[in-house]
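A short write-up of the structure that comes next.
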Amino acid sequence: MRRTARASINHDALIHNFNRVKQLAPDSRIMAVIKADAYGHGMIQAAKALQQADGFAVACIKEAVALREAEIQQPVTVFQGFQTAEQLQQCIKYQLRPVIYQQQQIELLEQNVHGKLSVWFKVDTGMGRLGIQPDDVDDCWRQLEQCSCVDEVGLMSHFANADDPQHKLNRQQTDCFHRLADRLNIETSMCNSAGIIAFPDVQGNWVRPGIMLYGSSPLLNKSAEQLNLKPVMQLESEVIAINYLKKGDAVGYGGQWVCPEDMPVAVVAIGYGDGYPRHAPSGTPVSVNQQRTQLIGRVSMDMITIDLRNIDQIQIGDVVQLWGEDISVDEVAKLVGTIGYELLCHASGCRLIR
Ligand SMILES: Cc1ncc(COP(=O)(O)O)c(C=O)c1O
């Protein structure tokens, strides 16, 4: 039996967005970021659809091994690298490219005498998360260069505020990165999706797009449509009941939404158990038979209620879209007080492939 709530995935849109990255960063290789199950879109399926990608990036070794077991051949970067000798062995066995961001990893590399692997040397230029501090770069770099198991090394860093291109930290980070890149003279990678669009001068040898591949905007001040990105996920379900409520009737848990007039209300089979956000407020847009209307009342575990006052000819079984081509996931995210990334990741449980 088909599940009513479903996240269908449009691989043509994924490829369209990948081609947008190519247009925007024509001189860089593209490492498609497919961690967190490709932001909810299905990691293996996304990797197979993105055959043209020069490489992939995931968060952890487990994800990378799953890619190798699915016969994905491109270079695979592991953002969280390794923490133990055993994990380092796995990186070598599966020919993964781990990120090196602390001294203790370099010590593990020094102790390793078997096999070879390429790595990324990650510097914290201002993100304050993973990365060697700029003052420690020279010492760590010297040590890394001595490791016989290390093949190629690239310089990596990550923006903290690229979604807001005017933010002053961006310039500080790019200046610091350029200084280090000039000094070390190795291949480079700095840009996530927002960086690719906002800072073409730091695109370097490899770019690392994530969210833009899935058709959500990486910039605070531009919509996905303005950036010519297409939504890859359509989160949909169906109408399972139509009720005719009276003026003053309350709708859903807590009775927070009260009908301002006699009106039809549809019950739709999707809720927070399917990844639709519980905090979506009344007024959040939904689309039914391609007509825009609104969520009313609280989101339940597997049902929501929607306003049918301006909807023509609706019947049980009609399709309701929560986000996708008619309703942008970024618009919903804003109303919920989150970002498209989180909503897409949470909907992975009801995924289908189109
Ligand atoms: C190190 C690193 N690079 C690139 C990305 C991709 O970022 P975005 O999805 O904003 O393009 C991420 C995602 O969090 C990341 O952690």
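Chain identifiers are assigned as A, B, and so on, following the order in which chains appear in the structure tokens; residues are numbered from 1 within each chain, and ligands are numbered from 1 in order of appearance.
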Surrounding residues of Arg179 of chain A excluding itself and chain neighbours under 3 positions, 12 Å, only C-alpha atoms, as a PyMOL selection string:
chain A and resi 123+125+134+137+155+172-176+182-185+188+202
Could you turn the residues from that selection into a file that holds N, CA and C atoms, as a tab-separated table (two decimals), in the first residue's frame?
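result-v4.tsv, freshly written:
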```tsv
chain	number	residue	atom	x	y	z
A	123	VAL	N	41.41	24.62	8.16
A	123	VAL	CA	41.82	25.72	9.03
A	123	VAL	C	40.58	26.50	9.45
A	125	THR	N	39.12	29.67	9.89
A	125	THR	CA	39.35	31.08	9.55
A	125	THR	C	38.33	32.00	10.22
A	134	PRO	N	44.73	29.47	12.85
A	134	PRO	CA	45.76	30.01	11.94
A	134	PRO	C	47.15	30.06	12.58
A	137	VAL	N	48.96	26.73	12.25
A	137	VAL	CA	49.03	26.12	10.92
A	137	VAL	C	50.45	25.68	10.58
A	155	LEU	N	43.75	22.45	1.07
A	155	LEU	CA	43.43	23.40	2.14
A	155	LEU	C	41.93	23.67	2.13
A	172	GLN	N	37.01	38.91	6.40
A	172	GLN	CA	38.12	38.44	7.26
A	172	GLN	C	38.46	37.00	6.94
A	173	GLN	N	37.42	36.18	6.76
A	173	GLN	CA	37.67	34.76	6.48
A	173	GLN	C	38.35	34.57	5.12
A	174	THR	N	37.86	35.31	4.10
A	174	THR	CA	38.45	35.12	2.77
A	174	THR	C	39.89	35.63	2.75
A	175	ASP	N	40.16	36.74	3.46
A	175	ASP	CA	41.54	37.26	3.50
A	175	ASP	C	42.47	36.24	4.14
A	176	CYS	N	42.03	35.70	5.26
A	176	CYS	CA	42.84	34.71	5.98
A	176	CYS	C	43.07	33.49	5.08
A	182	ASP	N	48.13	31.13	-0.41
A	182	ASP	CA	49.34	31.61	-1.09
A	182	ASP	C	50.59	30.99	-0.46
A	183	ARG	N	50.53	30.87	0.86
A	183	ARG	CA	51.71	30.35	1.57
A	183	ARG	C	51.89	28.86	1.31
A	184	LEU	N	50.80	28.10	1.37
A	184	LEU	CA	50.95	26.63	1.28
A	184	LEU	C	50.99	26.14	-0.16
A	185	ASN	N	50.35	26.93	-1.03
A	185	ASN	CA	50.36	26.60	-2.47
A	185	ASN	C	49.90	25.17	-2.75
A	188	THR	N	42.66	24.08	-3.11
A	188	THR	CA	41.86	24.76	-2.09
A	188	THR	C	40.37	24.46	-2.21
A	202	VAL	N	36.75	33.29	-4.22
A	202	VAL	CA	37.36	32.23	-3.39
A	202	VAL	C	36.87	30.84	-3.78
```
Expected selection as a ChimeraX atom specification for ligand 1 within 9 Å, only C-alpha atoms and all ligand atoms
/A:31-35,39,57-59,79-80,130,156-159,162-163,189-196,207-214,218,341
I'd like the contact shell of Asn243 of chain A - 12 Å cut-off, only C-alpha atoms, skipping same-chain residues fewer than 5 positions apart - returned as number ranges by chain.
A: 249, 251, 259, 262-268, 305-309, 314-316
Using only C-alpha atoms, which residues sit within 12 Å of Ala47 of chain A once same-chain residues fewer than 4 positions away are excluded, as a ChimeraX atom specification?
/A:11,14-15,18,31-35,37-38,41-43,51-58,63-64,66-68,70-76,213
Test item: residues at most 12 Å from Glu107 of chain A, only C-alpha atoms, excluding those fewer than 2 positions along its chain, as a list in words
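Neighbouring residues, sequence-local ones excluded: Phe82, Gln83, Thr84, Ala85, Leu88, Ile100, Tyr101, Gln102, Gln103, Gln104, Gln105, Leu109, Glu110, Gln111, Asn112, Val113, Cys140, Gln143, Leu144, Gln146, Cys147 and Cys149 of chain A.
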Can I get the selected residues back with C-alpha atoms, as a compact mmCIF listing (two decimals), in the first residue's frame?
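Result written to again-v7.txt:
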```
# COMPACT_ATOMS: atom_id res chain seq x y z
CA PHE A 82 38.58 10.10 11.78
CA GLN A 83 39.11 10.02 15.52
CA THR A 84 40.70 6.57 16.00
CA ALA A 85 43.36 4.42 14.32
CA LEU A 88 41.89 5.88 9.82
CA ILE A 100 42.18 16.87 9.32
CA TYR A 101 41.26 19.53 11.85
CA GLN A 102 43.20 18.71 15.00
CA GLN A 103 46.64 17.69 16.21
CA GLN A 104 45.52 14.31 17.50
CA GLN A 105 44.57 13.23 13.95
CA LEU A 109 48.69 9.68 10.68
CA GLU A 110 52.29 9.74 11.97
CA GLN A 111 51.81 6.35 13.59
CA ASN A 112 50.31 4.82 10.48
CA VAL A 113 52.76 3.11 8.19
CA CYS A 140 50.76 21.28 12.04
CA GLN A 143 54.16 17.67 10.90
CA LEU A 144 51.61 16.62 8.27
CA GLN A 146 56.34 14.34 7.26
CA CYS A 147 53.58 11.69 7.34
CA CYS A 149 50.96 7.77 4.42
```
For atom CA of Glu325 of chain A and atom CA of Lys230 of chain A, determine how far apart the two atoms are, in Å to one decimal place.
7.7 Å
